[in-house]
Amino acid sequence: MYRVTRLILSGGFAVVLLLGTFSAQSVAAVKMRPYSGIGVLQLTTSAIPDPIPIYDEPGIARCCTLQQAVLHTLNAWLFGTGQPTSLLVTDRKGEWLEVEHDDAGRTGWVRQQRRWQFSHWDQFLKGKLVQFLPNSPKPLVQLVKRPEATEGEPLSPQNPLKVIVVKEDWAYVMFDQHSAGWIRWRDRDGRLLIGLADGK
């Protein structure tokens with residue numbers, strides 16, 4: 001609902017202010033598509049300390065912690081519940097990984113544990129079922145014949161696609177038994193366009 005207030009100024013001019021009042025439900029924010037970084041860190045549940053210490057620099061100046069309760073829901077919208085708990089990795093220095101640790105995209109460093117698995121995107125996506133994120137730009141939600149092509153077959157965000165191979169920002173996918181082609185899996189700014197389909 002909107003409320004309109006009319007104010008009369010001394011010079012005889014009228015100013016109309018449009019003030020919006022919104023319920024919490026009506027402004028439910030769509031999550032911003034995150035930056036892909038360099039890969040994905042999958043955490044084995046039995047090897048996750050609670051909380052996980054986060055550092056400003058590898059091994060120096062602990063800035064904060066990541067609670068398990070937050071960790072399990074942080075990226076569930078990207079990876080579903082069928083995969084191990086996962087974090088987006090933006091950089092790597094030896095056994096230290098820089099990860100996104102909140103919805104705002106803030107990053108910090110964690111030391112990789114023995115049973116945690118880090119994979120670059122080409123390794124992680126190969127063989128996975130993916131689908132476009134609901135807020136991906138429509139011109140990019142399409143199947144094209146070759147990387148960098150600008151016109152192709154429009155797709156629905158709900159279409160599951162099986163990744164065969166990843167080449168830079170592009171993935172060669174199987175659409176069904178009779179259709180295959182290339183999709184952008186991240187945009188030119190490095191933000192993700194896809195997530196796992198049903199966590200698979």
# chains A, B, ... in the order shown; residues from 1 in each chain; ligands from 1
>>> select_by_dssp(residues="chain A", states="strand (DSSP E or B)", output="JSON, numbers by chain")
{"A": [2, 3, 4, 5, 6, 7, 8, 14, 15, 16, 17, 18, 19, 20, 35, 39, 40, 41, 42, 43, 52, 53, 54, 55, 56, 57, 60, 61, 62, 63, 64, 65, 66, 85, 86, 87, 88, 89, 90, 91, 92, 93, 96, 97, 98, 99, 100, 107, 108, 109, 110, 111, 117, 118, 119, 120, 129, 130, 131, 132, 142, 143, 144, 153, 154, 161, 162, 163, 164, 165, 166, 167, 170, 171, 172, 173, 174, 175, 176, 179, 180, 181, 182, 183, 184, 186, 191, 192, 194, 195, 196]}
>>> residues_around(residues="segment 51-64 of chain A", least_positions_apart="5", cutoff="7 Å", atoms="only C-alpha atoms", output="list in words")
Trp96, Gly108, Trp109 and Val110 of chain A
>>> write_last_selection(atoms="all heavy atoms", output="mmCIF file, in the first residue's frame")
data_model
loop_
_atom_site.group_PDB
_atom_site.id
_atom_site.type_symbol
_atom_site.label_atom_id
_atom_site.label_comp_id
_atom_site.auth_asym_id
_atom_site.auth_seq_id
_atom_site.Cartn_x
_atom_site.Cartn_y
_atom_site.Cartn_z
ATOM 1 N N TRP A 96 46.015 -22.898 3.011
ATOM 2 C CA TRP A 96 45.038 -21.891 3.401
ATOM 3 C C TRP A 96 44.162 -21.508 2.220
ATOM 4 O O TRP A 96 44.637 -21.326 1.103
ATOM 5 C CB TRP A 96 45.732 -20.649 3.956
ATOM 6 C CG TRP A 96 46.339 -20.876 5.304
ATOM 7 C CD1 TRP A 96 47.594 -21.362 5.562
ATOM 8 C CD2 TRP A 96 45.716 -20.651 6.571
ATOM 9 N NE1 TRP A 96 47.796 -21.455 6.920
ATOM 10 C CE2 TRP A 96 46.659 -21.024 7.554
ATOM 11 C CE3 TRP A 96 44.469 -20.178 6.961
ATOM 12 C CZ2 TRP A 96 46.383 -20.924 8.913
ATOM 13 C CZ3 TRP A 96 44.186 -20.079 8.313
ATOM 14 C CH2 TRP A 96 45.132 -20.454 9.270
ATOM 15 N N GLY A 108 37.335 -14.492 4.226
ATOM 16 C CA GLY A 108 38.377 -14.689 5.229
ATOM 17 C C GLY A 108 39.078 -16.006 4.925
ATOM 18 O O GLY A 108 38.666 -16.764 4.040
ATOM 19 N N TRP A 109 40.128 -16.272 5.665
ATOM 20 C CA TRP A 109 40.975 -17.440 5.389
ATOM 21 C C TRP A 109 40.725 -18.556 6.398
ATOM 22 O O TRP A 109 40.571 -18.307 7.591
ATOM 23 C CB TRP A 109 42.439 -17.032 5.428
ATOM 24 C CG TRP A 109 42.822 -16.119 4.303
ATOM 25 C CD1 TRP A 109 42.682 -14.764 4.275
ATOM 26 C CD2 TRP A 109 43.385 -16.496 3.047
ATOM 27 N NE1 TRP A 109 43.126 -14.266 3.072
ATOM 28 C CE2 TRP A 109 43.565 -15.309 2.304
ATOM 29 C CE3 TRP A 109 43.750 -17.708 2.471
ATOM 30 C CZ2 TRP A 109 44.111 -15.305 1.015
ATOM 31 C CZ3 TRP A 109 44.289 -17.716 1.189
ATOM 32 C CH2 TRP A 109 44.459 -16.524 0.475
ATOM 33 N N VAL A 110 40.668 -19.785 5.898
ATOM 34 C CA VAL A 110 40.564 -20.969 6.752
ATOM 35 C C VAL A 110 41.675 -21.937 6.364
ATOM 36 O O VAL A 110 42.118 -21.968 5.208
ATOM 37 C CB VAL A 110 39.190 -21.676 6.615
ATOM 38 C CG1 VAL A 110 38.066 -20.769 7.069
ATOM 39 C CG2 VAL A 110 38.951 -22.173 5.192
#
>>> residues_around(residues="segment 179-187 of chain A", least_positions_apart="3", cutoff="7 Å", atoms="only C-alpha atoms", output="NGL selection string")
:A and (140 or 142-147 or 169-176 or 190-194)
>>> write_last_selection(atoms="N, CA and C atoms", output="PDB file, in the first residue's frame")
ATOM      1  N   LEU A 140      21.296 -14.448 -21.004  1.00  0.00           N
ATOM      2  CA  LEU A 140      22.355 -15.426 -20.778  1.00  0.00           C
ATOM      3  C   LEU A 140      21.818 -16.826 -20.522  1.00  0.00           C
ATOM      4  N   GLN A 142      20.572 -19.426 -22.055  1.00  0.00           N
ATOM      5  CA  GLN A 142      20.374 -20.010 -23.366  1.00  0.00           C
ATOM      6  C   GLN A 142      21.454 -21.043 -23.667  1.00  0.00           C
ATOM      7  N   LEU A 143      21.140 -21.899 -24.623  1.00  0.00           N
ATOM      8  CA  LEU A 143      22.046 -22.933 -25.096  1.00  0.00           C
ATOM      9  C   LEU A 143      22.568 -22.488 -26.459  1.00  0.00           C
ATOM     10  N   VAL A 144      23.898 -22.391 -26.598  1.00  0.00           N
ATOM     11  CA  VAL A 144      24.482 -21.927 -27.856  1.00  0.00           C
ATOM     12  C   VAL A 144      25.367 -23.027 -28.454  1.00  0.00           C
ATOM     13  N   LYS A 145      25.693 -22.856 -29.738  1.00  0.00           N
ATOM     14  CA  LYS A 145      26.444 -23.899 -30.453  1.00  0.00           C
ATOM     15  C   LYS A 145      27.937 -23.860 -30.143  1.00  0.00           C
ATOM     16  N   ARG A 146      28.434 -22.705 -29.722  1.00  0.00           N
ATOM     17  CA  ARG A 146      29.864 -22.593 -29.437  1.00  0.00           C
ATOM     18  C   ARG A 146      30.073 -21.468 -28.413  1.00  0.00           C
ATOM     19  N   PRO A 147      31.146 -21.540 -27.635  1.00  0.00           N
ATOM     20  CA  PRO A 147      31.422 -20.460 -26.683  1.00  0.00           C
ATOM     21  C   PRO A 147      31.505 -19.106 -27.377  1.00  0.00           C
ATOM     22  N   ASP A 169      34.717 -19.712 -18.927  1.00  0.00           N
ATOM     23  CA  ASP A 169      33.403 -19.304 -18.413  1.00  0.00           C
ATOM     24  C   ASP A 169      32.257 -20.111 -19.020  1.00  0.00           C
ATOM     25  N   TRP A 170      32.575 -21.137 -19.794  1.00  0.00           N
ATOM     26  CA  TRP A 170      31.568 -21.888 -20.538  1.00  0.00           C
ATOM     27  C   TRP A 170      31.562 -23.350 -20.128  1.00  0.00           C
ATOM     28  N   ALA A 171      30.389 -23.956 -20.201  1.00  0.00           N
ATOM     29  CA  ALA A 171      30.247 -25.383 -19.919  1.00  0.00           C
ATOM     30  C   ALA A 171      29.494 -26.046 -21.067  1.00  0.00           C
ATOM     31  N   TYR A 172      30.030 -27.183 -21.512  1.00  0.00           N
ATOM     32  CA  TYR A 172      29.327 -27.974 -22.530  1.00  0.00           C
ATOM     33  C   TYR A 172      28.392 -28.911 -21.794  1.00  0.00           C
ATOM     34  N   VAL A 173      27.090 -28.839 -22.124  1.00  0.00           N
ATOM     35  CA  VAL A 173      26.078 -29.549 -21.350  1.00  0.00           C
ATOM     36  C   VAL A 173      25.180 -30.382 -22.255  1.00  0.00           C
ATOM     37  N   MET A 174      24.611 -31.422 -21.644  1.00  0.00           N
ATOM     38  CA  MET A 174      23.555 -32.213 -22.281  1.00  0.00           C
ATOM     39  C   MET A 174      22.225 -31.689 -21.770  1.00  0.00           C
ATOM     40  N   PHE A 175      21.378 -31.255 -22.711  1.00  0.00           N
ATOM     41  CA  PHE A 175      20.060 -30.738 -22.355  1.00  0.00           C
ATOM     42  C   PHE A 175      19.057 -31.880 -22.234  1.00  0.00           C
ATOM     43  N   ASP A 176      19.087 -32.794 -23.182  1.00  0.00           N
ATOM     44  CA  ASP A 176      18.326 -34.046 -23.115  1.00  0.00           C
ATOM     45  C   ASP A 176      19.082 -35.040 -23.994  1.00  0.00           C
ATOM     46  N   GLY A 190      32.157 -12.464 -13.439  1.00  0.00           N
ATOM     47  CA  GLY A 190      32.570 -13.566 -12.571  1.00  0.00           C
ATOM     48  C   GLY A 190      31.505 -14.025 -11.605  1.00  0.00           C
ATOM     49  N   ARG A 191      30.267 -13.547 -11.759  1.00  0.00           N
ATOM     50  CA  ARG A 191      29.187 -14.002 -10.871  1.00  0.00           C
ATOM     51  C   ARG A 191      28.556 -15.275 -11.426  1.00  0.00           C
ATOM     52  N   LEU A 192      28.192 -16.161 -10.524  1.00  0.00           N
ATOM     53  CA  LEU A 192      27.600 -17.430 -10.915  1.00  0.00           C
ATOM     54  C   LEU A 192      26.260 -17.233 -11.612  1.00  0.00           C
ATOM     55  N   LEU A 193      26.024 -18.025 -12.627  1.00  0.00           N
ATOM     56  CA  LEU A 193      24.723 -18.079 -13.309  1.00  0.00           C
ATOM     57  C   LEU A 193      23.973 -19.366 -12.995  1.00  0.00           C
ATOM     58  N   ILE A 194      24.677 -20.357 -12.465  1.00  0.00           N
ATOM     59  CA  ILE A 194      24.068 -21.670 -12.235  1.00  0.00           C
ATOM     60  C   ILE A 194      24.279 -22.130 -10.810  1.00  0.00           C
TER      61      ILE A 194
END
>>> select_by_dssp(residues="segment 38-177 of chain A", states="helix (DSSP H, G or I)", output="MDAnalysis selection string")
chainID A and resid 45:47 68:74 76:79 121:125 138:140
>>> residues_around(residues="Ile38 of chain A", least_positions_apart="3", cutoff="8 Å", atoms="only C-alpha atoms", output="ChimeraX atom specification")
/A:88-91,120-121
>>> atom_distance(atom1="atom CA of Ser119 of chain A", atom2="atom CA of Leu41 of chain A")
6.5 Å
>>> atom_distance(atom1="atom CA of Pro157 of chain A", atom2="atom CA of Arg188 of chain A")
19.0 Å
>>> atom_distance(atom1="atom CA of Asn159 of chain A", atom2="atom CA of Gln177 of chain A")
13.3 Å
>>> residues_around(residues="Gln42 of chain A", least_positions_apart="2", cutoff="8 Å", atoms="only C-alpha atoms", output="list in words")
Val40, Thr44, Pro84, Thr85, Ser86, Leu87, Trp116, Gln117 and Phe118 of chain A
>>> write_last_selection(atoms="N, CA and C atoms", output="PDB file, in the first residue's frame")
ATOM      1  N   VAL A  40      35.460 -24.603  -5.194  1.00  0.00           N
ATOM      2  CA  VAL A  40      34.536 -24.965  -4.109  1.00  0.00           C
ATOM      3  C   VAL A  40      35.273 -25.807  -3.073  1.00  0.00           C
ATOM      4  N   THR A  44      33.671 -32.172   5.062  1.00  0.00           N
ATOM      5  CA  THR A  44      33.139 -33.406   5.626  1.00  0.00           C
ATOM      6  C   THR A  44      32.585 -33.105   7.010  1.00  0.00           C
ATOM      7  N   PRO A  84      27.893 -32.374   0.234  1.00  0.00           N
ATOM      8  CA  PRO A  84      28.510 -31.937   1.491  1.00  0.00           C
ATOM      9  C   PRO A  84      28.426 -30.412   1.616  1.00  0.00           C
ATOM     10  N   THR A  85      28.445 -29.928   2.844  1.00  0.00           N
ATOM     11  CA  THR A  85      28.445 -28.488   3.070  1.00  0.00           C
ATOM     12  C   THR A  85      29.595 -27.856   2.299  1.00  0.00           C
ATOM     13  N   SER A  86      29.309 -26.773   1.561  1.00  0.00           N
ATOM     14  CA  SER A  86      30.296 -26.220   0.639  1.00  0.00           C
ATOM     15  C   SER A  86      30.462 -24.717   0.815  1.00  0.00           C
ATOM     16  N   LEU A  87      31.693 -24.246   0.586  1.00  0.00           N
ATOM     17  CA  LEU A  87      32.014 -22.824   0.625  1.00  0.00           C
ATOM     18  C   LEU A  87      32.655 -22.430  -0.701  1.00  0.00           C
ATOM     19  N   TRP A 116      38.788 -32.300   4.149  1.00  0.00           N
ATOM     20  CA  TRP A 116      38.068 -31.331   3.332  1.00  0.00           C
ATOM     21  C   TRP A 116      38.589 -31.415   1.900  1.00  0.00           C
ATOM     22  N   GLN A 117      37.707 -31.235   0.936  1.00  0.00           N
ATOM     23  CA  GLN A 117      38.108 -31.368  -0.468  1.00  0.00           C
ATOM     24  C   GLN A 117      37.912 -30.057  -1.216  1.00  0.00           C
ATOM     25  N   PHE A 118      39.019 -29.531  -1.744  1.00  0.00           N
ATOM     26  CA  PHE A 118      38.948 -28.348  -2.595  1.00  0.00           C
ATOM     27  C   PHE A 118      39.004 -28.777  -4.053  1.00  0.00           C
TER      28      PHE A 118
END
>>> residues_around(residues="Leu71 of chain A", least_positions_apart="4", cutoff="8 Å", atoms="only C-alpha atoms", output="PyMOL selection string")
chain A and resi 66-67+75+85+101
>>> write_last_selection(atoms="all heavy atoms", output="PDB file, in the first residue's frame")
ATOM      1  N   LEU A  66      32.802 -18.925  12.089  1.00  0.00           N
ATOM      2  CA  LEU A  66      31.645 -19.373  11.317  1.00  0.00           C
ATOM      3  C   LEU A  66      30.997 -20.525  12.056  1.00  0.00           C
ATOM      4  O   LEU A  66      31.586 -21.592  12.209  1.00  0.00           O
ATOM      5  CB  LEU A  66      32.097 -19.807   9.913  1.00  0.00           C
ATOM      6  CG  LEU A  66      31.015 -20.271   8.936  1.00  0.00           C
ATOM      7  CD1 LEU A  66      29.941 -19.206   8.743  1.00  0.00           C
ATOM      8  CD2 LEU A  66      31.642 -20.627   7.587  1.00  0.00           C
ATOM      9  N   GLN A  67      29.782 -20.284  12.554  1.00  0.00           N
ATOM     10  CA  GLN A  67      29.059 -21.293  13.317  1.00  0.00           C
ATOM     11  C   GLN A  67      28.491 -22.366  12.393  1.00  0.00           C
ATOM     12  O   GLN A  67      28.074 -22.076  11.274  1.00  0.00           O
ATOM     13  CB  GLN A  67      27.911 -20.635  14.098  1.00  0.00           C
ATOM     14  CG  GLN A  67      28.330 -19.501  15.012  1.00  0.00           C
ATOM     15  CD  GLN A  67      29.084 -19.977  16.237  1.00  0.00           C
ATOM     16  OE1 GLN A  67      28.924 -21.109  16.671  1.00  0.00           O
ATOM     17  NE2 GLN A  67      29.924 -19.112  16.789  1.00  0.00           N
ATOM     18  N   ASN A  75      25.096 -21.698   1.821  1.00  0.00           N
ATOM     19  CA  ASN A  75      25.082 -21.896   0.369  1.00  0.00           C
ATOM     20  C   ASN A  75      24.146 -23.012  -0.072  1.00  0.00           C
ATOM     21  O   ASN A  75      24.281 -23.528  -1.184  1.00  0.00           O
ATOM     22  CB  ASN A  75      26.501 -22.178  -0.136  1.00  0.00           C
ATOM     23  CG  ASN A  75      27.407 -20.976  -0.030  1.00  0.00           C
ATOM     24  OD1 ASN A  75      26.983 -19.849  -0.276  1.00  0.00           O
ATOM     25  ND2 ASN A  75      28.651 -21.186   0.349  1.00  0.00           N
ATOM     26  N   THR A  85      28.445 -29.928   2.844  1.00  0.00           N
ATOM     27  CA  THR A  85      28.445 -28.488   3.070  1.00  0.00           C
ATOM     28  C   THR A  85      29.595 -27.856   2.299  1.00  0.00           C
ATOM     29  O   THR A  85      30.726 -28.342   2.343  1.00  0.00           O
ATOM     30  CB  THR A  85      28.587 -28.195   4.573  1.00  0.00           C
ATOM     31  OG1 THR A  85      27.497 -28.803   5.264  1.00  0.00           O
ATOM     32  CG2 THR A  85      28.579 -26.700   4.840  1.00  0.00           C
ATOM     33  N   HIS A 101      32.239 -16.208   3.653  1.00  0.00           N
ATOM     34  CA  HIS A 101      31.695 -16.788   4.884  1.00  0.00           C
ATOM     35  C   HIS A 101      30.380 -16.157   5.344  1.00  0.00           C
ATOM     36  O   HIS A 101      29.894 -16.464   6.442  1.00  0.00           O
ATOM     37  CB  HIS A 101      32.725 -16.741   6.015  1.00  0.00           C
ATOM     38  CG  HIS A 101      33.208 -15.363   6.369  1.00  0.00           C
ATOM     39  ND1 HIS A 101      32.505 -14.515   7.196  1.00  0.00           N
ATOM     40  CD2 HIS A 101      34.331 -14.690   6.009  1.00  0.00           C
ATOM     41  CE1 HIS A 101      33.174 -13.390   7.350  1.00  0.00           C
ATOM     42  NE2 HIS A 101      34.280 -13.456   6.631  1.00  0.00           N
TER      43      HIS A 101
END
